[in-house]
Amino acid sequence: MDARTSDAARPVLEAPDIARVLTRIAHEIVERAKGADDVVLLGIPTRGVFLARRLAARLEEITGKPGRIPVGSLDITMYRDDLRLRPARALARTEIPDDGIDGRLVVLVDDVLFSGRTIRAALDALGDIGRPRAVQLAVLVDRGHRELPIRADYVGKNLPTSLRETVKVQLTEEDGRDSVLLGLRETTPADGK
Amino acid sequence: MTMSDTHKTLLRGAKVLGGEPRDVLIEGERIAAVGTGLDPDGATVIDAAGQILLPGLVDLHTHLREPGREDSETVLTGTRAAAIGGFTAVHAMANTFPVADTAGVVEQVWRLGKESGYCDVQPVGAVTVGLEGKKLAELGAMHDSAAGVRVFSDDGKCVDDAVIMRRALEYVKAFDGVIAQHAQEPRLTEGAQMNEGVVSAELGLGGWPAVAEESIIARDVLLAAHVGSRVHICHLSTAGSVEIVRWAKSKGWHVTAEVTPHHLLLTDELVRSYDPVYKVNPPLRTEADVMALREALADGTIDCVATDHAPHPHEDKDCEWGAAAMGMVGLETALSVVQHTMVDTGLLDWTGVADRMSVRPSAIGRLTGHGRPIAAGEPANLTLLDSAYRGVVNPAGFASRSRNTPYEGRELPGRVTYTFLRGRATVVDGKLA
Amino acid sequence: MKRHLISAADLSRDDAVLILDTAEELARLADRPIKKLPTLRGRTVVNLFFEDSTRTRISFEAAAKRLSADVINFSAKGSSVSKGESLKDTALTLEAMGADAVVIRHHASGAPHRLATSGWINGAVVNAGDGTHEHPTQALLDAFTVRRHLSPAASGVGQDLAGRRITIVGDVLHSRVARSNVHLLSTLGAEVTLVAPPTLVPFGVESWPCEVSYDLDAVVGKTDAVMMLRVQRERMNAAFFPTEREYARRYGLDGDRMARMPEHAIVMHPGPMNRGMEITAEVADSDRCTAVEQVANGVSIRMAVLYLLLGGNESAVAAARTEESK
């Protein structure tokens with residue numbers, strides 16, 4: 001995410017930390033959703049999808065319902081509010097579980113919560129797909145600097161940052177390792193977010 | 001036209017036909033002396049050092065558009081463009097509105113040329129009434145008129161009927177005329193938009209096959225041989241056409257041919273831009289054709305360069321390819337293109353240029369005062385060329401009323417600095433006098 | 001290709017795969033209750049049709065509307081503007097109306113190219129078929145259809161057509177569909193063979209990236225897809241072939257020929273079909289014929305093209321694709 005991160009990036013979460021916070025979030029979801037019976041996890045591509053799958057596995061473990069937690073992906077590209085600021089982007093996959101989202105508790109899953117604009121787009125996209133009973137948000141890292149009235153229901157780690165800093169999440173499925181790196185922006189703050 | 005007929009001009013140090021520097025003294029309408037260290041004796045002296053002196057150029061193929069399409073060119077603007085290009089005589093094609101198929105129309109064009117004063121205008125008469133290819137026009141009446149027509153052509157259209165062509169060739173023998181054929185088999189070129197080949201296949205534009213030109217040329221040289229007449233091939237454009245003309249000449253038949261400057265330089269690859277400025281008839285051909293045409297012009301198989309100057313108003317070219325008019329202007333760039341393609345490449349020397357752009361076209365058109373040697377006593381029809389000049393073609397500065405040049409933005413060598421028509425400068429220092 | 005889609009030849013392999021992948025994703029919209037995306041809200045797409053083609057126009061219109069663009073249909077056929085000289089004036093009018101994209105169908109080859117390069121308009125130009133030149137979105141939807149059928153895993157997302165053998169049969173000379181398909185399919189790695197009577201093969205075809213055959217029977221047994229081109233009956237009068245019967249016999253696709261195709265091979269047709277001419281009713285109505293499916297795929301492809309041309313501040317196709325950010 002953001003621009004390139006300098007080589008001097010510093011890990012703020014390592015693999016065991018990530019595993020631990022995901023387990024905690026899973027427990028919180030079960031608690032808040034009273035058993036997670038109607039929970040649908042939708043990850044926001046790319047890394048949100050992997051996080052959603054990991055959360056689903058943990059929820060199934062906790063609730064003892066293997067293969068029963070629906071998990072999917074929600075691409076928000078076509079709903080972004082900054083499309084005209086950059087070249088058109090390739091689309092990622094939207095995969096809604098077979099039973100849909102109507103009347104369900106949808107938990108959106110993303111790696112980093114920053115301005116909140118991605119989540120705003122996700123809420124719009126969700127509205128075109130169905131009518132959930134409620135929508136909640138789970139993120140691995142909340143780095144602050146919100147530009148919209150949006151907050152996360154489940155946060156792996158609150159990470160106060162300056163705008164000069166970058167937060168990079170690496171996940172085994174995509175990057176070959178699990179970690180969250182805090183670094184300094186190489187380029188001017190005008191690009192990227 | 002401010003100078004009086006008795007005015008004297010001395011060209012100092014001009015390279016006559018590209019040779020050693022000579023002084024050339026012009027007195028009245030004629031060349032008075034050619035030598036070294038000539039005494040100015042009150043003459044206007046022009047420093048011509050390093051410049052090339054040629055006989056005034058003669059174009060066998062010019063569309064002056066008047067009468068009928070004065071929005072694209074008039075006799076006045078067309079002859080001004082001719083003068084800028086170094087021409088002292090042009091043959092005005094017959095496809096005007098009305099068609100120049102009667103003594104009345106050719107005399108009108110001839111008279112407008114006289115009035116312009118920039119360049120001699122020799123009207124070409126139509127071969128058939130209305131260029132329709134069906135009925136012979138009054139060829140004799142046009143010859144007998146004040147215009148004294150000797151070259152006849154349905155240019156723009158082919159005289160495709162073999163019998164009409166044969167009769168025309170025979171008929172003009174009575175007054176030493178020549179039929180200038182626009183060689184285009186009409187059925188093979190229905191819907192034709194560009195050269196038929198690799199590029200047309202890709203672009204999906206209707207093809208104009210080389211064989212449509214070559215088959216007509218083959219027929220016409222045989223007809224001319226059969227009836228013992230002169231035939232002239234307009235704007236020859238393919239390597240195959242060159243072969244046929246070469247063969248006909250080897251037989252001793254009275255066949256002559258012209259090539260346009262654009263066919264010596266441009267190829268159908270340019271059509272990939274779909275820019276109608278490259279749309280012309282016959283179409284731009286391939287690199288191999290261009291090379292064959294240069295070679296044929298160099299060895300004399302092709303007798304002369306003729307511009308096929310075809311002005312069109314802006315709107316006829318500012319549209320999609322299929323709707324655009326065919327043709328390009330050429331008078332003001334012809335000598336530069338010939339220098340670029342023939343002289344700078346070593347294919348032709350300046351004597352050769354004089355031959356192909358003045359001597360031979362005059363002979364084909366039977367003009368008397370043009371294409372003469374640069375010698376004392378000869379008519380002072382002269383062109384002075386700064387061959388060292390390099391410039392980018394900018395149509396905004398054209399004397400022609402039209403701007404449809406394919407060379408816009410292209411660097412070409414050579415610039416005509418002075419043109420003299422019977423001793424009077426029509427161009428002075430590169431500008432109209 | 002930068003801001004326009006004029007020729008399939010302008011597309012790189014990666015461009016083409018990106019368009020197909022995007023279309024694949026957009027095709028899934030059909031399963032949703034709301035088949036519309038807000039992406040091109042406030043953008044204006046003009047369908048400028050100088051030639052009748054209800055099918056193509058409707059396809060582009062549906063595509064633009066599903067992306068929430070405003071659509072203006074400008075049909076120039078039969079009116080005073082069907083004369084060529086007014087293409088410029090029409091373009092200036094559209095420019096004044098603020099067209100972000102002009103989808104143009106024109107009877108003159110090169111008209112879209114001219115529109116895109118003349119400086120008459122600033123918007124993106126999409127060629128919806130020009131003369132006998134190109135019809136790039138048709139080629140894209142054909143490639144999309146082939147990929148879906150021949151690479152069923154994940155509908156072939158991310159894949160090209162390497163090694164696929166595709167035969168295009170019929171009036172290649174006058175076919176913009178054939179020209180675009182030869183470019184695109186070969187760019188995607190397919191082996192293309194054109195089959196036609198020699199009179200309907202363009203002079204100069206030897207420079208095309210394909211094989212040419214005059215014998216349909218020799219080719220039909222080793223092909224993964226057969227694409228039948230529409231043959232205009234009036235070609236007969238111009239001596240391109242002696243009779244309709246002879247054409248159908250030598251170059252038409254009937255049940256017998258279809259039976260000799262490999263089992264997995266499909267029959268394609270850009271429509272509208274001349275039943276009894278290039279294709280028999282038996283073949284046209286068989287489940288191997290994808291003609292109807294091609295129409296549906298056309299909307300997804302055109303959505304993808306419009307999105308990739310208009311969805312950002314510059315075209316995604318051939319532009320530097322930077323890493324995603326949030």
# chains A, B, ... in the order shown; residues from 1 in each chain; ligands from 1
call {"tool": "interface_residues", "arguments": {"of": "chain C", "to": "chain B", "cutoff": "12 Å", "atoms": "only C-alpha atoms", "output": "PyMOL selection string"}}
result
chain C and resi 6-9+82-91+106-120+129-135+172-180+182-183+200-209+238
call {"tool": "closest_atom_pairs", "arguments": {"of": "chain A", "to": "chain C", "cutoff": "6 Å", "atoms": "only C-alpha atoms", "output": "CSV"}}
result
residue,atom,partner,partner_atom,distance
A:Met1,CA,C:Ser325,CA,4.6
A:Asp2,CA,C:Ser325,CA,5.4
A:Met78,CA,C:Thr39,CA,5.1
A:Leu83,CA,C:Gly312,CA,5.0
A:Arg84,CA,C:Gly312,CA,4.4
A:Leu85,CA,C:Asn313,CA,5.5
A:Arg86,CA,C:Asn313,CA,5.1
A:Pro87,CA,C:Gly312,CA,4.4
A:Ala88,CA,C:Gly312,CA,3.9
A:Leu91,CA,C:Thr22,CA,6.0
A:Asp128,CA,C:Ile34,CA,5.5
call {"tool": "write_last_selection", "arguments": {"atoms": "C-alpha atoms", "output": "PDB file, in the first residue's frame"}}
result
ATOM      1  CA  MET A   1       0.000   0.000   0.000  1.00  0.00           C
ATOM      2  CA  ASP A   2       0.916   3.656  -0.224  1.00  0.00           C
ATOM      3  CA  MET A  78     -15.620   0.274  -9.597  1.00  0.00           C
ATOM      4  CA  LEU A  83     -10.889   6.687 -10.166  1.00  0.00           C
ATOM      5  CA  ARG A  84     -10.255   9.804 -12.175  1.00  0.00           C
ATOM      6  CA  LEU A  85      -7.032  10.576 -10.355  1.00  0.00           C
ATOM      7  CA  ARG A  86      -5.198   7.572 -11.783  1.00  0.00           C
ATOM      8  CA  PRO A  87      -5.161   5.246 -14.738  1.00  0.00           C
ATOM      9  CA  ALA A  88      -8.031   2.793 -14.789  1.00  0.00           C
ATOM     10  CA  LEU A  91     -10.442  -5.422 -11.451  1.00  0.00           C
ATOM     11  CA  ASP A 128     -25.803  -3.173  -4.903  1.00  0.00           C
TER      12      ASP A 128
END
call {"tool": "atom_distance", "arguments": {"atom1": "CA of Ala89 (chain B)", "atom2": "CA of Val58 (chain B)"}}
result
4.8 Å
call {"tool": "atom_distance", "arguments": {"atom1": "CA of Gly18 (chain B)", "atom2": "CA of Thr301 (chain B)"}}
result
22.7 Å
call {"tool": "select_by_dssp", "arguments": {"residues": "region 14-214 of chain C", "states": "helix (DSSP H, G or I)", "output": "PyMOL selection string"}}
result
chain C and resi 14-31+54-66+80-82+84-96+111-117+136-150+153-156+176-187+198-200+205-207
call {"tool": "residues_around", "arguments": {"residues": "Ala168 (chain B)", "least_positions_apart": "3", "cutoff": "8 Å", "atoms": "only C-alpha atoms", "output": "PyMOL selection string"}}
result
chain B and resi 127+136+164-165+171-172+179
